[in-house]
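Colleague: Let me begin by handing over the structure; questions about it come next.
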Amino acid sequence: MAYINGIGLISPQKTAETKEFLSEVMEYTADYLRCIEPGYRTYIDPIQSRRMSRLIKMGIASAKMSMTDAGCTMPDAIITGTGLGSVEDTEKILGEITREEKFLNPTPFIQSTYNTISSQVAIQLKCHNYNSTYVHRTFSFESGLIDGLMQIEEQKATNVLVGAIDEMTMNHLQITRRVGQWKMEAVNNLTLLQKPTPGALAGEGAAFFVVGAGMCASTYAELADAATCININGSFRPDTFLPGFLGKNNLSVDDIDVVMLGLNGDNVNDPHYLSFAEQFFPGKAQAWFKHLCGEYHTATGFGLYVAANILKNQVYPEILKLNPVQPAKLKNILIYNHFRNVNHSFILVRGC
Amino acid sequence: MPQRIFITGYGIISCIGNNIEETLSSLLGSKPGTGRIRYVETLLKDELLVGEVPKTLAELFVMAGISPVDGYSRNALLGMIAAREAFEHGRLDDHRELKTGLISATTVGGMDRSEFYYNDFLTNDTRNVFIDSYDCADSTEKIAQLLEITGFVTTISTACSSAANAIMLGARMIRSGRLDRVLAGGSESLTKFHLNGFNALKILDKEPCKPFDQHRAGINLGEGAAYLVLESEESLAKTGNVPFAELVGWGNACEAYHQTASSPDGIGAYLAMKEAIDMSGLAPGDIDYVNAHGTGTDNNDLSEGHAIERLFVDKMPMVSSTKQFTGHTTSAAGSIEAILSVLCLQNQVIWPNLNFKERIAELNFSPVEKLMINVAVNAVMSNSFGFGGNDTSLIFKKVNASNENNASNAINENNVCNAGNTGKARGE
């Protein structure tokens, strides 16, 4: 158990510009939802940033935003989750070595290493403390949260910086469209669920959270717990896993006020969310968020921003609602996400 | 009293052996496994010296015990081979009621196939089955499927310290009560991608690498995989497994200096080693041997050397790098070298730092030059440092017969088990 004391988020919404919670919603008709990036001069020395690829800049900027938000100057640990790291840098190298194996520019190679964001944040902050990077599809961010919670349990850390960062490129979109991951054409993000078709709407984002052992003036909510479960030969049994996870946190399904589902517009995978919600949370407030950020491996970072803001502001914006249920109180929010019915994850957030 | 973490199984594959027995034999015979590139399709073929596992993809399928199908990377197959050996050694198939996790590490992921088919990925549908095998999670999930490990599964990528961090996370998850036992380690295959990347950084030695030598000239890259089985005391009581080593300390620190270079004073290395020592309850003088990161680059060996001197002062342990044997297996190095360190405890030996001739002028110590046998090795430190300054240090200790009844059996059993190999290797 810990507290979310600061958030920095660069997303397809205007989250980097304003701390207001979804007061203006961005509507797109696009192949994927691209981040609205801030001016980086505030966050990174322009001489340094000139050599940095987009993902690295988004990572550093969102990390610094979260620290300013929390009033934290030196984290005790920096942990990043990223499903794919810097896709742009990786593609540069692949392009070069596929064409001709000439002497490469080493910069993209250096930046293509998955731990670049975590270590660049450390370099910027001159932070010698614990530093790690998780790279397991939709478990990446949740693994980072679990690590962060353990750092606090172990009393090794008071403030942990935990990030959720992934980017999309046109090349990568084109490649992963071949395996049915995305919709084959540009779609409107706000009407995503109206015409169910195969494939998700892709997106991207860079979120950092200051996860603290104690509350402070800027606290959003309590990060109660996070869990992942891989589904191999039916090993994910929601009827035992979910009550077990909630029970460990002294809660039952009845205590959940809003369940946030990772629906992404893919009519192959979305039915799983709907049957999950129907089985465990019938008549409860059900919400979604990926129409605002798109689908990516660390999209639950955007989801956690949403949950934390619902609890801090005690508002439940219409744009998030999957059903018209208005919860009696906004206290316990459960985020449930899955990838291809293989990677299932939960994040439990509680109002303070 | 915090939960103790015991080692009850291991598995390994690299250019010096397809399993523990072969690896031990190569080490005892001081036989390195590096050579010219045979399998990676690259123009650098005749230029570089690498530690390549001398097997084709088809041969790796056979070794992994699965029928050849598309969609498997070399990286995944190497991982499956080593993980299965550890799984069987640690008898993870028994007591399925225990919470068992898989924590794996890689940086190139399935790049060995993806770089080969990248043009197809962009232009046609012929290689789609390999698209999902590109990322880092793919090899981990294939191992999890093969061995049906579902208690917790994740992948770490902190460049060349990845597998050490996987072991560290495994230990922490046991200590926190989240898991009873963990299969932790890493896998990395050679790729055109990172051969070219390291080459562009001009840190590859075209001759056998010479860690800690005044005239060292860089890295020989390598490939391989290694996994260890970590168990809690409660788990031991149920499985009846007899541990052959204990993980008593770990430390993770960040250089926060430069994306690829180590700081001159090795601050990250120092902090990681110091943290591991402090946690272990041992004094620096209790460490008998440091299996150094020792890549053979100008920068790493000097920086690591300074950090070792600063930490141990007048209580210097034996130090060697084993990357001359295996090549630098990058993300797998942490677990490969953790196993090499544990083998020192079990066999009471210290591995030689091959190719060493002249001490680094700025340092006051020389590495171990020749294989040392019948030497008392009670505690060893294994260092793994990565790009981005991600530095991790692990300390393994011989299970103490006097305070651990189970363990005394373990040591006897393992000594018996390894004695044969030892004899054979020495006889060669």
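Ligands are numbered from 1 in the order shown, residues from 1 within each chain, and chains are lettered A, B, ... in the order they appear in the structure tokens.
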Do you have, as JSON lines, the list of residues of chain B lying at most 8 Å from chain A, each with its nearest atom pair and that distance in Å to one decimal, counting only C-alpha atoms and ordered by chain then number?

Modeller:
{"residue": "B:Thr42", "atom": "CA", "partner": "A:Glu101", "partner_atom": "CA", "distance": 7.7}
{"residue": "B:Leu43", "atom": "CA", "partner": "A:Glu101", "partner_atom": "CA", "distance": 6.7}
{"residue": "B:Thr107", "atom": "CA", "partner": "A:Thr113", "partner_atom": "CA", "distance": 7.0}
{"residue": "B:Glu115", "atom": "CA", "partner": "A:Leu94", "partner_atom": "CA", "distance": 6.4}
{"residue": "B:Phe116", "atom": "CA", "partner": "A:Thr98", "partner_atom": "CA", "distance": 8.0}
{"residue": "B:Tyr118", "atom": "CA", "partner": "A:Leu94", "partner_atom": "CA", "distance": 7.3}
{"residue": "B:Asn119", "atom": "CA", "partner": "A:Thr98", "partner_atom": "CA", "distance": 7.4}
{"residue": "B:Phe121", "atom": "CA", "partner": "A:Ile175", "partner_atom": "CA", "distance": 5.6}
{"residue": "B:Leu122", "atom": "CA", "partner": "A:Ile175", "partner_atom": "CA", "distance": 5.8}
{"residue": "B:Asp125", "atom": "CA", "partner": "A:Arg178", "partner_atom": "CA", "distance": 6.8}
{"residue": "B:Asn128", "atom": "CA", "partner": "A:Val179", "partner_atom": "CA", "distance": 6.4}
{"residue": "B:Val129", "atom": "CA", "partner": "A:Val179", "partner_atom": "CA", "distance": 7.9}
{"residue": "B:Ile131", "atom": "CA", "partner": "A:Thr176", "partner_atom": "CA", "distance": 7.1}
{"residue": "B:Asp132", "atom": "CA", "partner": "A:Val179", "partner_atom": "CA", "distance": 7.9}
{"residue": "B:Asp135", "atom": "CA", "partner": "A:Leu84", "partner_atom": "CA", "distance": 6.7}
{"residue": "B:Cys136", "atom": "CA", "partner": "A:Val135", "partner_atom": "CA", "distance": 6.2}
{"residue": "B:Ala137", "atom": "CA", "partner": "A:His136", "partner_atom": "CA", "distance": 4.7}
{"residue": "B:Ala144", "atom": "CA", "partner": "A:Ile232", "partner_atom": "CA", "distance": 8.0}
{"residue": "B:Gln145", "atom": "CA", "partner": "A:Ile232", "partner_atom": "CA", "distance": 6.3}
{"residue": "B:Glu148", "atom": "CA", "partner": "A:Ile232", "partner_atom": "CA", "distance": 6.9}
{"residue": "B:Thr150", "atom": "CA", "partner": "A:Ile230", "partner_atom": "CA", "distance": 5.9}
{"residue": "B:Gly151", "atom": "CA", "partner": "A:Cys229", "partner_atom": "CA", "distance": 7.3}
{"residue": "B:Phe152", "atom": "CA", "partner": "A:Cys229", "partner_atom": "CA", "distance": 6.5}
{"residue": "B:Val153", "atom": "CA", "partner": "A:Ile230", "partner_atom": "CA", "distance": 6.8}
{"residue": "B:Thr154", "atom": "CA", "partner": "A:His136", "partner_atom": "CA", "distance": 5.7}
{"residue": "B:Thr155", "atom": "CA", "partner": "A:His136", "partner_atom": "CA", "distance": 5.1}
{"residue": "B:Ile156", "atom": "CA", "partner": "A:Tyr134", "partner_atom": "CA", "distance": 4.6}
{"residue": "B:Ser157", "atom": "CA", "partner": "A:Thr133", "partner_atom": "CA", "distance": 5.6}
{"residue": "B:Thr158", "atom": "CA", "partner": "A:Asn115", "partner_atom": "CA", "distance": 5.1}
{"residue": "B:Ala159", "atom": "CA", "partner": "A:Thr113", "partner_atom": "CA", "distance": 6.7}
{"residue": "B:Asn165", "atom": "CA", "partner": "A:Ser132", "partner_atom": "CA", "distance": 7.8}
{"residue": "B:Leu169", "atom": "CA", "partner": "A:Asp147", "partner_atom": "CA", "distance": 7.9}
{"residue": "B:Arg172", "atom": "CA", "partner": "A:Met150", "partner_atom": "CA", "distance": 7.9}
{"residue": "B:Ser176", "atom": "CA", "partner": "A:Met150", "partner_atom": "CA", "distance": 7.3}
{"residue": "B:Lys192", "atom": "CA", "partner": "A:Ile97", "partner_atom": "CA", "distance": 7.6}
{"residue": "B:Phe193", "atom": "CA", "partner": "A:Leu94", "partner_atom": "CA", "distance": 7.1}
{"residue": "B:His194", "atom": "CA", "partner": "A:Phe109", "partner_atom": "CA", "distance": 7.8}
{"residue": "B:Asn196", "atom": "CA", "partner": "A:Leu104", "partner_atom": "CA", "distance": 7.0}
{"residue": "B:Gly197", "atom": "CA", "partner": "A:Phe109", "partner_atom": "CA", "distance": 5.5}
{"residue": "B:Phe198", "atom": "CA", "partner": "A:Pro106", "partner_atom": "CA", "distance": 8.0}
{"residue": "B:Asn199", "atom": "CA", "partner": "A:Phe103", "partner_atom": "CA", "distance": 7.9}
{"residue": "B:Ala200", "atom": "CA", "partner": "A:Pro106", "partner_atom": "CA", "distance": 5.4}
{"residue": "B:Leu201", "atom": "CA", "partner": "A:Pro106", "partner_atom": "CA", "distance": 5.9}
{"residue": "B:Asn252", "atom": "CA", "partner": "A:Tyr130", "partner_atom": "CA", "distance": 5.3}
{"residue": "B:Ala253", "atom": "CA", "partner": "A:Tyr130", "partner_atom": "CA", "distance": 4.9}
{"residue": "B:Cys254", "atom": "CA", "partner": "A:His128", "partner_atom": "CA", "distance": 4.4}
{"residue": "B:Glu255", "atom": "CA", "partner": "A:His128", "partner_atom": "CA", "distance": 5.7}
{"residue": "B:Ala256", "atom": "CA", "partner": "A:Ile123", "partner_atom": "CA", "distance": 4.1}
{"residue": "B:Tyr257", "atom": "CA", "partner": "A:Ile123", "partner_atom": "CA", "distance": 5.7}
{"residue": "B:His258", "atom": "CA", "partner": "A:Ile123", "partner_atom": "CA", "distance": 6.9}
{"residue": "B:Gln259", "atom": "CA", "partner": "A:Ser119", "partner_atom": "CA", "distance": 7.1}
{"residue": "B:Thr260", "atom": "CA", "partner": "A:Ile110", "partner_atom": "CA", "distance": 7.1}
{"residue": "B:Gly268", "atom": "CA", "partner": "A:His128", "partner_atom": "CA", "distance": 6.7}
{"residue": "B:Gly388", "atom": "CA", "partner": "A:Ser119", "partner_atom": "CA", "distance": 4.9}
{"residue": "B:Gly389", "atom": "CA", "partner": "A:Ser119", "partner_atom": "CA", "distance": 6.8}
{"residue": "B:Asn390", "atom": "CA", "partner": "A:Asn131", "partner_atom": "CA", "distance": 6.5}

Colleague: Take the residues from that selection and put them in a file with C-alpha atoms, as a compact mmCIF listing (two decimals), in the first residue's frame.

Modeller:
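The result, written out as selection-v9.txt:
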# COMPACT_ATOMS: atom_id res chain seq x y z
CA THR B 42 26.32 -10.62 -40.94
CA LEU B 43 29.04 -8.91 -42.92
CA THR B 107 17.30 -7.07 -24.32
CA GLU B 115 15.99 -8.53 -38.24
CA PHE B 116 16.01 -11.37 -40.74
CA TYR B 118 12.06 -7.11 -41.26
CA ASN B 119 11.57 -6.36 -44.95
CA PHE B 121 7.19 -7.51 -42.03
CA LEU B 122 7.05 -4.20 -43.88
CA ASP B 125 2.33 -11.32 -45.01
CA ASN B 128 3.60 -12.76 -39.84
CA VAL B 129 4.06 -15.59 -37.39
CA ILE B 131 5.92 -10.58 -35.68
CA ASP B 132 4.76 -11.57 -32.21
CA ASP B 135 9.36 -8.31 -28.31
CA CYS B 136 11.07 -9.12 -25.01
CA ALA B 137 8.06 -10.85 -23.48
CA ALA B 144 6.17 -20.11 -19.10
CA GLN B 145 4.03 -22.12 -21.53
CA GLU B 148 3.46 -24.16 -17.16
CA THR B 150 1.85 -19.21 -13.91
CA GLY B 151 2.29 -17.85 -10.37
CA PHE B 152 3.91 -14.66 -11.63
CA VAL B 153 5.55 -13.92 -14.96
CA THR B 154 7.49 -10.85 -16.02
CA THR B 155 10.48 -9.70 -18.06
CA ILE B 156 13.25 -7.32 -17.06
CA SER B 157 15.51 -5.38 -19.37
CA THR B 158 18.29 -3.34 -17.84
CA ALA B 159 20.83 -4.06 -20.57
CA ASN B 165 18.02 -7.95 -11.66
CA LEU B 169 13.46 -9.45 -8.07
CA ARG B 172 12.53 -9.96 -3.17
CA SER B 176 7.78 -10.34 0.47
CA LYS B 192 23.19 -8.56 -36.39
CA PHE B 193 21.38 -5.77 -34.53
CA HIS B 194 23.58 -5.61 -31.47
CA ASN B 196 26.51 -3.78 -35.34
CA GLY B 197 25.47 -1.57 -32.45
CA PHE B 198 28.42 -2.52 -30.26
CA ASN B 199 30.69 -2.34 -33.28
CA ALA B 200 29.52 1.22 -33.94
CA LEU B 201 30.45 2.07 -30.36
CA ASN B 252 21.10 -2.30 -7.33
CA ALA B 253 22.38 1.20 -7.97
CA CYS B 254 22.59 3.57 -10.88
CA GLU B 255 25.63 5.39 -12.16
CA ALA B 256 23.51 8.33 -13.32
CA TYR B 257 26.54 9.33 -15.32
CA HIS B 258 26.30 8.51 -19.02
CA GLN B 259 24.12 6.32 -21.24
CA THR B 260 26.95 3.98 -22.25
CA GLY B 268 27.27 2.79 -9.39
CA GLY B 388 22.50 3.27 -18.61
CA GLY B 389 24.58 2.69 -15.50
CA ASN B 390 22.25 -0.06 -14.24

Colleague: Let's see if you can do this: from backbone DSSP, list all alpha helix (DSSP H) residues in range 69-288 of chain A, as a ChimeraX atom specification.

Modeller: /A:69-70,87-99,106-112,116-125,140-153,170-177,238-248,270-280

Colleague: May I have the residues from that selection written out with C-alpha atoms, as a JSON list (two decimals), in the first residue's frame?

Modeller:
[["chain", "number", "residue", "atom", "x", "y", "z"],
["A", 69, "ASP", "CA", 3.50, 17.77, -9.00],
["A", 70, "ALA", "CA", 4.52, 15.84, -5.88],
["A", 87, "VAL", "CA", 10.41, 1.91, -31.53],
["A", 88, "GLU", "CA", 11.69, 4.85, -33.57],
["A", 89, "ASP", "CA", 15.35, 4.13, -32.72],
["A", 90, "THR", "CA", 14.94, 0.38, -33.23],
["A", 91, "GLU", "CA", 13.43, 0.97, -36.67],
["A", 92, "LYS", "CA", 16.28, 3.27, -37.64],
["A", 93, "ILE", "CA", 18.81, 0.52, -36.95],
["A", 94, "LEU", "CA", 16.71, -2.21, -38.56],
["A", 95, "GLY", "CA", 16.33, -0.02, -41.64],
["A", 96, "GLU", "CA", 20.07, 0.55, -41.82],
["A", 97, "ILE", "CA", 21.25, -3.02, -41.23],
["A", 98, "THR", "CA", 18.62, -4.41, -43.58],
["A", 99, "ARG", "CA", 19.68, -2.11, -46.40],
["A", 106, "PRO", "CA", 25.57, 4.55, -32.50],
["A", 107, "THR", "CA", 23.01, 6.99, -31.04],
["A", 108, "PRO", "CA", 19.86, 5.09, -32.10],
["A", 109, "PHE", "CA", 21.44, 1.85, -30.85],
["A", 110, "ILE", "CA", 22.13, 3.38, -27.45],
["A", 111, "GLN", "CA", 18.60, 4.77, -27.23],
["A", 112, "SER", "CA", 16.96, 1.58, -28.46],
["A", 116, "THR", "CA", 17.25, 4.18, -21.62],
["A", 117, "ILE", "CA", 14.30, 6.08, -20.16],
["A", 118, "SER", "CA", 14.93, 4.93, -16.60],
["A", 119, "SER", "CA", 18.62, 5.68, -16.86],
["A", 120, "GLN", "CA", 18.13, 9.02, -18.62],
["A", 121, "VAL", "CA", 15.77, 10.09, -15.86],
["A", 122, "ALA", "CA", 18.45, 9.03, -13.36],
["A", 123, "ILE", "CA", 21.11, 10.98, -15.24],
["A", 124, "GLN", "CA", 18.91, 14.08, -15.31],
["A", 125, "LEU", "CA", 18.23, 13.82, -11.58],
["A", 140, "SER", "CA", 5.23, -3.91, -17.94],
["A", 141, "PHE", "CA", 3.69, -1.09, -15.93],
["A", 142, "GLU", "CA", 1.99, -3.36, -13.41],
["A", 143, "SER", "CA", 5.30, -5.16, -12.77],
["A", 144, "GLY", "CA", 6.81, -1.73, -12.10],
["A", 145, "LEU", "CA", 4.01, -0.87, -9.67],
["A", 146, "ILE", "CA", 4.50, -4.17, -7.82],
["A", 147, "ASP", "CA", 8.25, -3.50, -7.62],
["A", 148, "GLY", "CA", 7.54, 0.03, -6.35],
["A", 149, "LEU", "CA", 5.12, -1.23, -3.71],
["A", 150, "MET", "CA", 7.74, -3.74, -2.56],
["A", 151, "GLN", "CA", 10.41, -1.01, -2.34],
["A", 152, "ILE", "CA", 8.11, 0.79, 0.07],
["A", 153, "GLU", "CA", 7.24, -2.39, 2.02],
["A", 170, "MET", "CA", 3.50, 4.29, -38.75],
["A", 171, "ASN", "CA", 5.91, 1.45, -39.57],
["A", 172, "HIS", "CA", 5.14, -0.39, -36.38],
["A", 173, "LEU", "CA", 1.43, 0.14, -36.89],
["A", 174, "GLN", "CA", 1.69, -1.29, -40.37],
["A", 175, "ILE", "CA", 3.62, -4.33, -39.15],
["A", 176, "THR", "CA", 1.37, -5.13, -36.20],
["A", 177, "ARG", "CA", -1.77, -4.58, -38.29],
["A", 238, "PRO", "CA", -11.17, -14.71, -12.38],
["A", 239, "ASP", "CA", -13.63, -16.34, -9.98],
["A", 240, "THR", "CA", -10.77, -17.18, -7.64],
["A", 241, "PHE", "CA", -8.15, -14.62, -8.64],
["A", 242, "LEU", "CA", -10.32, -11.53, -8.26],
["A", 243, "PRO", "CA", -11.77, -12.31, -4.81],
["A", 244, "GLY", "CA", -8.27, -13.35, -3.72],
["A", 245, "PHE", "CA", -6.78, -10.07, -4.87],
["A", 246, "LEU", "CA", -9.53, -7.96, -3.34],
["A", 247, "GLY", "CA", -9.60, -10.07, -0.17],
["A", 248, "LYS", "CA", -5.90, -9.50, 0.36],
["A", 270, "ASP", "CA", -13.72, -6.67, -25.85],
["A", 271, "PRO", "CA", -16.41, -9.32, -25.19],
["A", 272, "HIS", "CA", -14.13, -10.73, -22.52],
["A", 273, "TYR", "CA", -14.31, -7.44, -20.58],
["A", 274, "LEU", "CA", -18.06, -7.28, -20.91],
["A", 275, "SER", "CA", -18.62, -10.80, -19.63],
["A", 276, "PHE", "CA", -16.16, -10.12, -16.79],
["A", 277, "ALA", "CA", -18.10, -6.98, -15.83],
["A", 278, "GLU", "CA", -21.40, -8.78, -16.08],
["A", 279, "GLN", "CA", -20.20, -11.66, -13.96],
["A", 280, "PHE", "CA", -18.61, -9.67, -11.15]]

Colleague: When you look at range 297-302 of chain B with a cut-off of 7 Å (counting only C-alpha atoms), what residues show up, excluding the ones that are within fewer than 4 positions of it in the same chain? I need them as a PyMOL selection string.

Modeller: chain B and resi 203+211-212+216-219+261-262+306

Colleague: Just to be explicit: take each residue in the selection above, keep N, CA and C atoms, and write the result as a PDB file, in the first residue's frame.

Modeller:
ATOM      1  N   ILE B 203      33.655  -0.771 -29.276  1.00  0.00           N
ATOM      2  CA  ILE B 203      34.102  -1.394 -28.025  1.00  0.00           C
ATOM      3  C   ILE B 203      34.195  -2.910 -28.169  1.00  0.00           C
ATOM      4  N   PRO B 211      40.063  -8.943 -20.234  1.00  0.00           N
ATOM      5  CA  PRO B 211      39.600  -8.148 -19.107  1.00  0.00           C
ATOM      6  C   PRO B 211      40.715  -7.912 -18.072  1.00  0.00           C
ATOM      7  N   PHE B 212      40.702  -6.738 -17.502  1.00  0.00           N
ATOM      8  CA  PHE B 212      41.641  -6.332 -16.445  1.00  0.00           C
ATOM      9  C   PHE B 212      43.104  -6.359 -16.889  1.00  0.00           C
ATOM     10  N   ARG B 216      43.924  -4.251 -22.678  1.00  0.00           N
ATOM     11  CA  ARG B 216      42.588  -4.738 -23.071  1.00  0.00           C
ATOM     12  C   ARG B 216      42.046  -3.882 -24.206  1.00  0.00           C
ATOM     13  N   ALA B 217      41.248  -4.509 -25.071  1.00  0.00           N
ATOM     14  CA  ALA B 217      40.821  -3.772 -26.263  1.00  0.00           C
ATOM     15  C   ALA B 217      39.334  -3.918 -26.544  1.00  0.00           C
ATOM     16  N   GLY B 218      38.582  -4.410 -25.588  1.00  0.00           N
ATOM     17  CA  GLY B 218      37.138  -4.460 -25.796  1.00  0.00           C
ATOM     18  C   GLY B 218      36.523  -5.821 -25.550  1.00  0.00           C
ATOM     19  N   ILE B 219      35.279  -5.922 -26.018  1.00  0.00           N
ATOM     20  CA  ILE B 219      34.392  -7.042 -25.699  1.00  0.00           C
ATOM     21  C   ILE B 219      34.399  -8.096 -26.805  1.00  0.00           C
ATOM     22  N   ALA B 261      28.751   4.978 -20.962  1.00  0.00           N
ATOM     23  CA  ALA B 261      30.053   4.931 -20.298  1.00  0.00           C
ATOM     24  C   ALA B 261      29.904   4.795 -18.788  1.00  0.00           C
ATOM     25  N   SER B 262      30.874   4.138 -18.163  1.00  0.00           N
ATOM     26  CA  SER B 262      30.906   4.054 -16.704  1.00  0.00           C
ATOM     27  C   SER B 262      31.641   5.264 -16.157  1.00  0.00           C
ATOM     28  N   HIS B 306      38.412   0.292  -9.788  1.00  0.00           N
ATOM     29  CA  HIS B 306      38.454   1.343  -8.753  1.00  0.00           C
ATOM     30  C   HIS B 306      37.401   1.093  -7.681  1.00  0.00           C
TER      31      HIS B 306
END

Colleague: Contacts of Gly199 in chain A at 9 Å or less, counting only C-alpha atoms, minus same-chain residues fewer than 6 places along, as a PDB file with N, CA and C atoms, in the first residue's frame?

Modeller:
ATOM      1  N   ARG A 177      -0.459  -4.400 -37.657  1.00  0.00           N
ATOM      2  CA  ARG A 177      -1.770  -4.585 -38.292  1.00  0.00           C
ATOM      3  C   ARG A 177      -1.847  -5.961 -38.959  1.00  0.00           C
ATOM      4  N   GLY A 180      -3.393  -8.534 -36.850  1.00  0.00           N
ATOM      5  CA  GLY A 180      -4.745  -8.271 -36.358  1.00  0.00           C
ATOM      6  C   GLY A 180      -4.831  -7.435 -35.107  1.00  0.00           C
ATOM      7  N   GLN A 181      -3.708  -6.788 -34.754  1.00  0.00           N
ATOM      8  CA  GLN A 181      -3.738  -6.041 -33.505  1.00  0.00           C
ATOM      9  C   GLN A 181      -4.585  -4.761 -33.614  1.00  0.00           C
ATOM     10  N   TRP A 182      -4.588  -4.152 -34.776  1.00  0.00           N
ATOM     11  CA  TRP A 182      -5.235  -2.826 -34.909  1.00  0.00           C
ATOM     12  C   TRP A 182      -6.304  -2.808 -35.982  1.00  0.00           C
ATOM     13  N   LYS A 183      -7.141  -1.792 -35.909  1.00  0.00           N
ATOM     14  CA  LYS A 183      -8.117  -1.567 -36.963  1.00  0.00           C
ATOM     15  C   LYS A 183      -7.371  -1.227 -38.256  1.00  0.00           C
ATOM     16  N   MET A 184      -7.943  -1.615 -39.365  1.00  0.00           N
ATOM     17  CA  MET A 184      -7.250  -1.475 -40.634  1.00  0.00           C
ATOM     18  C   MET A 184      -7.390  -0.076 -41.236  1.00  0.00           C
ATOM     19  N   ASN A 264     -10.994  -1.698 -25.872  1.00  0.00           N
ATOM     20  CA  ASN A 264     -10.232  -0.901 -26.840  1.00  0.00           C
ATOM     21  C   ASN A 264     -10.837  -0.901 -28.241  1.00  0.00           C
ATOM     22  N   GLY A 265     -12.075  -1.396 -28.354  1.00  0.00           N
ATOM     23  CA  GLY A 265     -12.749  -1.355 -29.648  1.00  0.00           C
ATOM     24  C   GLY A 265     -12.545  -2.597 -30.488  1.00  0.00           C
ATOM     25  N   ASP A 266     -11.773  -3.543 -29.971  1.00  0.00           N
ATOM     26  CA  ASP A 266     -11.502  -4.777 -30.717  1.00  0.00           C
ATOM     27  C   ASP A 266     -12.605  -5.792 -30.398  1.00  0.00           C
ATOM     28  N   ASN A 267     -13.388  -6.127 -31.388  1.00  0.00           N
ATOM     29  CA  ASN A 267     -14.536  -6.999 -31.096  1.00  0.00           C
ATOM     30  C   ASN A 267     -14.144  -8.451 -30.847  1.00  0.00           C
ATOM     31  N   VAL A 268     -12.850  -8.749 -30.951  1.00  0.00           N
ATOM     32  CA  VAL A 268     -12.387 -10.085 -30.579  1.00  0.00           C
ATOM     33  C   VAL A 268     -12.114 -10.135 -29.071  1.00  0.00           C
ATOM     34  N   ASN A 269     -11.500  -9.086 -28.568  1.00  0.00           N
ATOM     35  CA  ASN A 269     -11.095  -9.085 -27.158  1.00  0.00           C
ATOM     36  C   ASN A 269     -12.054  -8.362 -26.207  1.00  0.00           C
TER      37      ASN A 269
END

Colleague: Using only C-alpha atoms, which of A:Ser86, A:Asn159, A:Thr300, A:Thr219 sits nearest Ile56 in chain A?

Modeller: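 Among the listed residues, the smallest separation from Ile56 in chain A belongs to A:Ser86.
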
Colleague: Find the spatial neighbours of range 89-97 of chain B, counting only C-alpha atoms, within a cut-off of 12 Å - ignore same-chain residues fewer than 2 positions away - and output them as a count of residues only.

Modeller: 47
